[in-house]
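To be precise, the following lines are coords_28.csv, and they hold CSV, C-alpha atoms.
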```csv
chain,number,residue,atom,x,y,z
A,1,LEU,CA,9.2,-13.1,6.0
A,2,LYS,CA,12.2,-15.3,6.7
A,3,TRP,CA,11.3,-17.4,3.6
A,4,TRP,CA,11.6,-14.2,1.5
A,5,ARG,CA,14.7,-13.1,3.3
A,6,LEU,CA,12.9,-10.1,4.9
A,7,TRP,CA,13.5,-11.0,8.5
A,8,PRO,CA,16.7,-11.4,10.6
A,9,ARG,CA,18.3,-14.8,10.4
A,10,ARG,CA,19.1,-14.8,14.1
A,11,GLU,CA,17.1,-14.0,17.2
A,12,SER,CA,17.8,-11.0,19.4
A,13,VAL,CA,19.6,-9.0,16.7
A,14,SER,CA,20.2,-5.4,17.8
A,15,THR,CA,21.5,-4.0,14.5
A,16,PRO,CA,20.5,-4.3,10.8
A,17,ASP,CA,22.0,-7.3,9.0
A,18,TRP,CA,23.5,-5.9,5.8
A,19,THR,CA,25.5,-9.1,5.1
A,20,ASN,CA,22.6,-11.3,4.2
A,21,TRP,CA,23.8,-12.3,0.7
A,22,GLN,CA,20.7,-14.6,0.3
A,23,ALA,CA,18.4,-11.5,0.5
A,24,TYR,CA,20.4,-9.7,-2.2
A,25,ALA,CA,20.5,-12.9,-4.4
A,26,LEU,CA,16.7,-13.0,-4.3
A,27,HIS,CA,15.6,-9.3,-4.5
A,28,VAL,CA,18.3,-7.8,-6.7
A,29,PRO,CA,17.5,-9.9,-9.8
A,30,PHE,CA,13.8,-9.8,-9.2
A,31,THR,CA,12.4,-6.9,-7.2
A,32,PHE,CA,15.0,-4.2,-7.9
A,33,LEU,CA,15.8,-5.2,-11.5
A,34,PHE,CA,12.0,-5.3,-12.2
A,35,VAL,CA,11.6,-1.8,-10.8
A,36,LEU,CA,14.6,-0.6,-12.9
A,37,LEU,CA,13.2,-2.1,-16.2
A,38,LEU,CA,9.8,-0.5,-15.5
A,39,TRP,CA,11.3,2.9,-15.0
A,40,LEU,CA,13.4,2.5,-18.2
A,41,GLU,CA,10.2,1.7,-20.1
A,42,ALA,CA,8.5,4.7,-18.7
A,43,ILE,CA,11.4,7.0,-19.4
A,44,LYS,CA,11.9,5.8,-23.0
A,45,SER,CA,8.2,5.9,-23.8
A,46,ARG,CA,7.0,8.7,-26.2
A,47,ASP,CA,3.3,8.1,-25.7
A,48,ILE,CA,1.7,9.8,-22.7
A,49,GLN,CA,-1.0,7.1,-22.4
A,50,HIS,CA,1.6,4.3,-22.5
A,51,THR,CA,3.7,6.2,-19.9
A,52,ALA,CA,0.7,6.5,-17.6
A,53,ASP,CA,0.0,2.8,-17.9
A,54,VAL,CA,3.6,1.9,-17.1
A,55,LEU,CA,3.8,4.4,-14.2
A,56,LEU,CA,0.7,2.8,-12.5
A,57,ILE,CA,2.6,-0.4,-11.8
A,58,CYS,CA,6.0,1.3,-11.7
A,59,LEU,CA,5.1,3.4,-8.7
A,60,THR,CA,3.7,0.4,-6.8
A,61,THR,CA,6.8,-1.7,-7.4
A,62,THR,CA,9.0,1.2,-6.4
A,63,ALA,CA,7.1,1.4,-3.2
A,64,LEU,CA,7.7,-2.3,-2.8
A,65,GLY,CA,11.4,-1.8,-3.2
A,66,GLY,CA,11.4,1.0,-0.6
A,67,LYS,CA,9.6,-1.3,1.8
A,68,VAL,CA,12.1,-4.1,1.2
A,69,ILE,CA,15.0,-1.8,2.1
A,70,ASN,CA,13.1,-0.4,5.1
A,71,ILE,CA,12.4,-3.8,6.5
A,72,TRP,CA,16.0,-4.8,6.1
A,73,LYS,CA,16.9,-1.8,8.2
A,74,TYR,CA,14.2,-1.9,10.9
A,75,ALA,CA,13.2,-5.6,11.1
A,76,HIS,CA,15.4,-6.0,14.2
A,77,VAL,CA,13.3,-3.3,15.9
A,78,ALA,CA,10.0,-5.2,15.2
A,79,GLN,CA,11.7,-8.5,16.2
A,80,GLY,CA,12.7,-7.0,19.6
A,81,ILE,CA,9.2,-5.7,20.2
A,82,LEU,CA,7.6,-9.1,19.4
A,83,SER,CA,10.1,-10.8,21.6
A,84,GLU,CA,9.3,-8.4,24.5
A,85,TRP,CA,5.6,-9.0,24.1
A,86,SER,CA,6.2,-12.8,24.2
A,87,THR,CA,8.6,-13.0,27.2
A,88,TRP,CA,8.0,-10.2,29.6
A,89,ASP,CA,5.8,-10.8,32.6
A,90,LEU,CA,4.2,-7.3,32.1
A,91,PHE,CA,2.5,-8.5,28.9
A,92,GLU,CA,1.3,-11.8,30.2
A,93,LEU,CA,-2.5,-12.2,30.1
A,94,ARG,CA,-3.8,-12.4,33.6
A,95,SER,CA,-7.6,-12.7,33.3
A,96,LYS,CA,-10.2,-14.5,31.3
A,97,GLN,CA,-11.4,-11.2,29.9
A,98,GLU,CA,-8.0,-10.4,28.5
A,99,VAL,CA,-7.6,-13.9,27.0
A,100,ASP,CA,-11.1,-13.6,25.4
A,101,MET,CA,-10.3,-10.2,24.0
A,102,TRP,CA,-7.0,-11.5,22.5
A,103,ARG,CA,-8.6,-14.6,20.9
A,104,PHE,CA,-11.4,-12.6,19.4
A,105,GLU,CA,-9.2,-9.9,17.9
A,106,HIS,CA,-6.7,-12.5,16.6
A,107,ARG,CA,-9.4,-14.6,15.0
A,108,ARG,CA,-10.7,-11.5,13.3
A,109,PHE,CA,-7.2,-10.5,12.2
A,110,ASN,CA,-6.7,-14.0,10.7
A,111,ARG,CA,-9.9,-13.7,8.7
A,112,VAL,CA,-8.8,-10.3,7.4
A,113,PHE,CA,-5.4,-11.5,6.5
A,114,MET,CA,-6.6,-14.6,4.7
A,115,PHE,CA,-9.1,-12.5,2.7
A,116,TYR,CA,-6.3,-10.1,1.8
A,117,CYS,CA,-4.1,-13.1,0.8
A,118,LEU,CA,-6.8,-14.7,-1.3
A,119,CYS,CA,-7.6,-11.4,-3.1
A,120,SER,CA,-3.9,-10.7,-3.8
A,121,ALA,CA,-3.1,-14.2,-4.9
A,122,GLY,CA,-6.3,-14.5,-7.0
A,123,VAL,CA,-5.2,-11.6,-9.2
A,124,ILE,CA,-2.0,-13.3,-10.2
A,125,PRO,CA,-3.5,-15.9,-12.6
A,126,PHE,CA,-5.5,-13.3,-14.4
A,127,ILE,CA,-2.4,-11.1,-14.8
A,128,VAL,CA,-0.1,-13.9,-16.0
A,129,ILE,CA,-2.4,-16.1,-18.0
A,130,GLN,CA,-4.6,-13.6,-19.8
A,131,PRO,CA,-1.8,-12.1,-21.9
A,132,LEU,CA,-1.0,-15.5,-23.4
A,133,PHE,CA,-4.4,-15.5,-25.2
A,134,ASP,CA,-3.7,-12.1,-26.9
A,135,ILE,CA,-2.6,-12.1,-30.5
A,136,PRO,CA,0.2,-11.2,-30.7
A,137,ASN,CA,1.3,-12.2,-27.3
A,138,ARG,CA,2.1,-9.4,-24.8
A,139,LEU,CA,3.7,-9.2,-21.4
A,140,PRO,CA,1.6,-8.9,-18.2
A,141,PHE,CA,3.4,-5.5,-17.7
A,142,TRP,CA,5.3,-3.4,-20.1
A,143,MET,CA,9.0,-3.2,-19.3
A,144,TRP,CA,12.2,-2.4,-21.2
A,145,THR,CA,14.4,-5.2,-22.4
A,146,PRO,CA,17.7,-5.2,-24.2
A,147,PHE,CA,16.1,-7.4,-26.9
A,148,ASP,CA,12.9,-7.3,-28.9
A,149,TRP,CA,10.6,-9.4,-26.7
A,150,GLN,CA,7.9,-9.2,-29.3
A,151,GLN,CA,9.8,-11.8,-31.3
A,152,PRO,CA,8.1,-15.2,-30.8
A,153,VAL,CA,11.2,-16.9,-29.4
A,154,LEU,CA,12.5,-14.1,-27.2
A,155,PHE,CA,9.0,-13.4,-25.8
A,156,TRP,CA,9.2,-16.4,-23.5
A,157,TYR,CA,12.4,-15.2,-21.8
A,158,ALA,CA,10.7,-11.9,-20.8
A,159,PHE,CA,7.4,-13.7,-20.0
A,160,ILE,CA,9.0,-16.3,-17.7
A,161,TYR,CA,10.9,-13.6,-15.9
A,162,GLN,CA,7.7,-11.6,-15.2
A,163,ALA,CA,5.7,-14.8,-14.3
A,164,THR,CA,8.4,-15.5,-11.7
A,165,THR,CA,8.8,-11.9,-10.4
A,166,ILE,CA,5.1,-11.1,-10.0
A,167,PRO,CA,4.3,-13.8,-7.4
A,168,ILE,CA,7.5,-13.0,-5.5
A,169,ALA,CA,6.6,-9.3,-5.4
A,170,CYS,CA,3.0,-10.1,-4.4
A,171,ALA,CA,4.1,-12.4,-1.5
A,172,CYS,CA,6.6,-9.9,-0.2
A,173,ASN,CA,4.1,-7.1,-0.4
A,174,VAL,CA,1.4,-9.1,1.4
A,175,THR,CA,3.7,-10.3,4.2
A,176,MET,CA,5.3,-6.9,4.8
A,177,ASP,CA,1.9,-5.2,5.0
A,178,ALA,CA,0.6,-7.9,7.3
A,179,VAL,CA,3.4,-7.5,9.8
A,180,ASN,CA,2.8,-3.8,10.0
A,181,TRP,CA,-0.9,-4.4,10.6
A,182,TYR,CA,-0.2,-7.0,13.2
A,183,LEU,CA,2.2,-4.8,15.2
A,184,MET,CA,-0.3,-2.0,15.3
A,185,LEU,CA,-3.1,-4.5,16.3
A,186,HIS,CA,-1.0,-6.0,19.1
A,187,LEU,CA,0.0,-2.6,20.4
A,188,SER,CA,-3.7,-1.5,20.5
A,189,LEU,CA,-4.6,-4.7,22.4
A,190,CYS,CA,-1.8,-4.0,24.9
A,191,LEU,CA,-3.3,-0.6,25.5
A,192,ARG,CA,-6.8,-2.0,25.9
A,193,MET,CA,-5.3,-4.5,28.3
A,194,LEU,CA,-3.7,-1.7,30.2
A,195,GLY,CA,-7.0,0.2,30.4
A,196,GLN,CA,-8.8,-2.9,31.8
A,197,ARG,CA,-6.2,-3.3,34.5
A,198,LEU,CA,-6.4,0.3,35.4
A,199,SER,CA,-10.2,0.1,35.7
A,200,LYS,CA,-9.9,-2.9,38.1
A,201,LEU,CA,-7.7,-1.1,40.6
A,202,GLN,CA,-9.4,-1.1,44.0
A,203,HIS,CA,-8.7,1.3,46.9
A,204,ASP,CA,-8.6,-1.5,49.4
A,205,ASP,CA,-6.0,-3.6,47.6
A,206,LYS,CA,-2.9,-4.2,49.7
A,207,ASP,CA,-0.5,-4.0,46.8
A,208,LEU,CA,-2.3,-1.1,45.2
A,209,ARG,CA,0.8,1.1,44.9
A,210,GLU,CA,3.0,-1.7,43.4
A,211,LYS,CA,0.3,-2.6,40.9
A,212,PHE,CA,-0.2,1.0,39.9
A,213,LEU,CA,3.6,1.6,39.4
A,214,GLU,CA,3.7,-1.6,37.4
A,215,LEU,CA,1.0,-0.3,35.1
A,216,ILE,CA,2.8,3.0,34.7
A,217,HIS,CA,5.9,1.1,33.7
A,218,LEU,CA,3.8,-0.9,31.2
A,219,HIS,CA,2.4,2.3,29.8
A,220,GLN,CA,5.9,3.7,29.4
A,221,ARG,CA,7.0,0.6,27.5
A,222,LEU,CA,4.0,0.8,25.2
A,223,LYS,CA,4.6,4.5,24.5
A,224,GLN,CA,8.2,3.8,23.7
A,225,GLN,CA,7.2,0.9,21.4
A,226,ALA,CA,4.7,3.2,19.7
A,227,GLN,CA,7.5,5.6,19.0
A,228,ASP,CA,9.7,2.8,17.6
A,229,LEU,CA,7.1,1.4,15.3
A,230,PRO,CA,6.9,4.4,12.9
A,231,GLY,CA,10.5,3.8,11.9
A,232,PHE,CA,9.5,0.3,10.9
A,233,ALA,CA,6.1,1.0,9.4
A,234,ALA,CA,6.1,4.5,8.0
A,235,MET,CA,8.3,5.0,4.9
A,236,MET,CA,8.8,8.1,2.9
A,237,GLN,CA,9.2,6.1,-0.3
A,238,TYR,CA,5.9,4.4,0.3
A,239,LEU,CA,4.1,7.6,1.2
A,240,VAL,CA,5.3,9.4,-2.0
A,241,ALA,CA,4.4,6.5,-4.2
A,242,MET,CA,0.9,6.2,-2.7
A,243,ILE,CA,0.3,9.9,-3.1
A,244,MET,CA,1.4,9.7,-6.7
A,245,GLN,CA,-1.0,6.8,-7.3
A,246,VAL,CA,-3.9,9.0,-6.1
A,247,MET,CA,-2.7,12.2,-7.7
A,248,LEU,CA,-2.1,10.9,-11.3
A,249,PRO,CA,-5.8,9.8,-11.9
A,250,THR,CA,-7.1,13.1,-10.5
A,251,ILE,CA,-4.8,15.1,-12.7
A,252,TYR,CA,-6.1,13.4,-15.8
A,253,GLY,CA,-9.6,13.4,-14.6
A,254,ASN,CA,-9.3,17.2,-13.9
A,255,ALA,CA,-8.1,17.6,-17.5
A,256,VAL,CA,-11.3,16.0,-18.7
A,257,ILE,CA,-13.4,18.5,-16.6
A,258,ASP,CA,-11.4,21.5,-17.8
A,259,SER,CA,-11.6,20.5,-21.4
A,260,ALA,CA,-15.4,20.0,-21.2
A,261,ASN,CA,-15.8,23.4,-19.5
A,262,MET,CA,-14.0,25.1,-22.4
A,263,LEU,CA,-16.5,23.8,-24.9
A,264,THR,CA,-19.0,26.6,-24.1
A,265,ASP,CA,-16.4,29.3,-24.7
A,266,SER,CA,-15.3,27.6,-27.9
A,267,MET,CA,-18.9,27.5,-29.1
A,268,TYR,CA,-19.4,31.2,-28.3
A,269,ASN,CA,-16.2,32.1,-30.2
A,270,SER,CA,-17.6,30.6,-33.3
A,271,ASP,CA,-19.3,32.6,-36.0
A,272,TRP,CA,-22.7,32.1,-34.6
A,273,PRO,CA,-24.0,35.8,-35.0
A,274,ASP,CA,-24.0,35.4,-38.8
A,275,MET,CA,-25.8,32.1,-38.8
A,276,ASN,CA,-29.4,31.8,-39.7
A,277,CYS,CA,-32.2,31.8,-37.1
A,278,ARG,CA,-32.6,28.0,-37.1
A,279,MET,CA,-28.8,27.5,-36.6
A,280,ARG,CA,-28.6,30.1,-33.8
A,281,ARG,CA,-31.5,28.3,-32.1
A,282,LEU,CA,-29.6,25.0,-32.3
A,283,VAL,CA,-26.4,26.7,-31.0
A,284,LEU,CA,-28.3,28.1,-28.1
A,285,MET,CA,-29.8,24.8,-27.2
A,286,PHE,CA,-26.4,23.1,-27.4
A,287,MET,CA,-24.8,25.8,-25.2
A,288,VAL,CA,-27.6,25.2,-22.6
A,289,TYR,CA,-26.9,21.5,-22.8
A,290,LEU,CA,-23.1,22.1,-22.2
A,291,ASN,CA,-24.0,23.7,-18.9
A,292,ARG,CA,-24.3,20.1,-17.6
A,293,PRO,CA,-20.7,19.3,-16.5
A,294,VAL,CA,-18.8,16.3,-17.9
A,295,THR,CA,-17.1,14.5,-15.1
A,296,LEU,CA,-15.6,11.1,-14.4
A,297,LYS,CA,-16.8,9.3,-11.3
A,298,ALA,CA,-15.1,6.6,-9.2
A,299,GLY,CA,-17.6,3.9,-8.6
A,300,GLY,CA,-20.4,6.2,-9.5
A,301,PHE,CA,-19.9,8.3,-6.3
A,302,PHE,CA,-16.8,10.5,-6.3
A,303,HIS,CA,-15.9,13.0,-9.1
A,304,ILE,CA,-12.3,12.3,-10.2
A,305,GLY,CA,-10.5,15.6,-10.2
A,306,LEU,CA,-8.0,17.7,-8.2
A,307,PRO,CA,-10.6,18.5,-5.6
A,308,LEU,CA,-10.9,14.8,-4.9
A,309,PHE,CA,-7.1,14.6,-4.4
A,310,THR,CA,-7.1,17.6,-2.0
A,311,LYS,CA,-10.1,16.2,-0.2
A,312,THR,CA,-8.4,12.8,0.2
A,313,MET,CA,-5.2,14.3,1.5
A,314,ASN,CA,-7.1,16.6,3.8
A,315,GLN,CA,-9.2,13.8,5.2
A,316,ALA,CA,-6.2,11.5,5.6
A,317,TYR,CA,-4.4,14.2,7.6
A,318,SER,CA,-7.5,14.9,9.7
A,319,LEU,CA,-7.7,11.2,10.5
A,320,LEU,CA,-4.0,11.1,11.3
A,321,ALA,CA,-4.4,14.1,13.6
A,322,LEU,CA,-7.5,12.5,15.3
A,323,LEU,CA,-5.6,9.2,15.9
```

Is it possible to express this structure as structure tokens?
Amino acid sequence: LKWWRLWPRRESVSTPDWTNWQAYALHVPFTFLFVLLLWLEAIKSRDIQHTADVLLICLTTTALGGKVINIWKYAHVAQGILSEWSTWDLFELRSKQEVDMWRFEHRRFNRVFMFYCLCSAGVIPFIVIQPLFDIPNRLPFWMWTPFDWQQPVLFWYAFIYQATTIPIACACNVTMDAVNWYLMLHLSLCLRMLGQRLSKLQHDDKDLREKFLELIHLHQRLKQQAQDLPGFAAMMQYLVAMIMQVMLPTIYGNAVIDSANMLTDSMYNSDWPDMNCRMRRLVLMFMVYLNRPVTLKAGGFFHIGLPLFTKTMNQAYSLLALL
């Protein structure tokens, strides 16, 4: 995160650092300019299919820009929590059971994170190299430029810009996601550690009251940290973009279903009463056949339509309420 100028330059910072010119020098010409060029391409497009293709990556990179601004604002909060976990005696591991639990969960987190990194980084060569073999050449992602990038000489300026921006955006996205996951993982481990210590309290312990009060204080700190984390991890910009990414395919998928359902009415509104017997029989057979709905499926399991969007949002909220 420090390498990509997404983490405070100094330790124990209590306020956001808005004077980090190195962060602006890196992200303004790449992250934020790239987002702007994508939006301009989407706005200027006159083809709905082309607009949808541009919006798919545009919404994702817009969410990335929102996460960059958010981490600039709240990174000092996460840094303070990590420092507290590392230095306070309350969070020191005191038994072999706690140490084993920590090691096991961290090893598993490392495997998940490495798999996520490999999947994310593995996509980049396909995105960047594959367009070079198209004739004529095309950019990995459509974006607006003040010049005609389809000209052979000018193409390479736009291509080199995207070939540089895409790995930067990927690395920033991966690291910002990972720090959110890790904070939540560590907080959950602290709560499990608290539960283990509470279960080990014995009535004949001489320091029972002091140990119990210490655990209460530990719980209060964890609860306060849990209240601080949403400001760092939960972002309205990210939420809106992710909702849009789910909603847009369901809107277009629902249009397919509605259009297919209208075929029966369209057939019925034809001049079928005046047709001969053989044709009326064929019309009837076709209308019976149209009773089988035409739908798009995601992975062969879920029907892509507005009911899927509402079901996804409902289940997401139900899971949030459960947690």

For A:Val28, find every residue with an atom within 12 Å (counting all atoms listed in the file), except residues of its own chain fewer than 3 positions away, and show them as a compact mmCIF listing (two decimals) with C-alpha atoms, in the frame of the given file.
```txt
# COMPACT_ATOMS: atom_id res chain seq x y z
CA ARG A 5 14.70 -13.10 3.30
CA TRP A 21 23.80 -12.30 0.70
CA GLN A 22 20.70 -14.60 0.30
CA ALA A 23 18.40 -11.50 0.50
CA TYR A 24 20.40 -9.70 -2.20
CA ALA A 25 20.50 -12.90 -4.40
CA THR A 31 12.40 -6.90 -7.20
CA PHE A 32 15.00 -4.20 -7.90
CA LEU A 33 15.80 -5.20 -11.50
CA PHE A 34 12.00 -5.30 -12.20
CA VAL A 35 11.60 -1.80 -10.80
CA LEU A 36 14.60 -0.60 -12.90
CA GLY A 65 11.40 -1.80 -3.20
CA VAL A 68 12.10 -4.10 1.20
CA ILE A 69 15.00 -1.80 2.10
CA THR A 165 8.80 -11.90 -10.40
CA ALA A 169 6.60 -9.30 -5.40
```

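You will find atom CA of A:Met143 at 27.9 Å from atom CA of A:Asn254.
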
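A straight line drawn from atom CA of A:Val13 to atom CA of A:Ile81 is 11.5 Å long.
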
### Query
Do you know which residues are at most 9 Å from A:Trp7 counting only C-alpha atoms, after dropping those on the same chain fewer than 2 positions away, and could you put them as an NGL selection string?
:A and (1-5 or 9-10 or 71-72 or 75-76 or 79)

### Task
Go ahead and compute the interatomic distance for atom CA of A:Val99 and atom CA of A:Leu118, in Å to one decimal.
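Calculated distance between atom CA of A:Val99 and atom CA of A:Leu118 is 28.3 Å.
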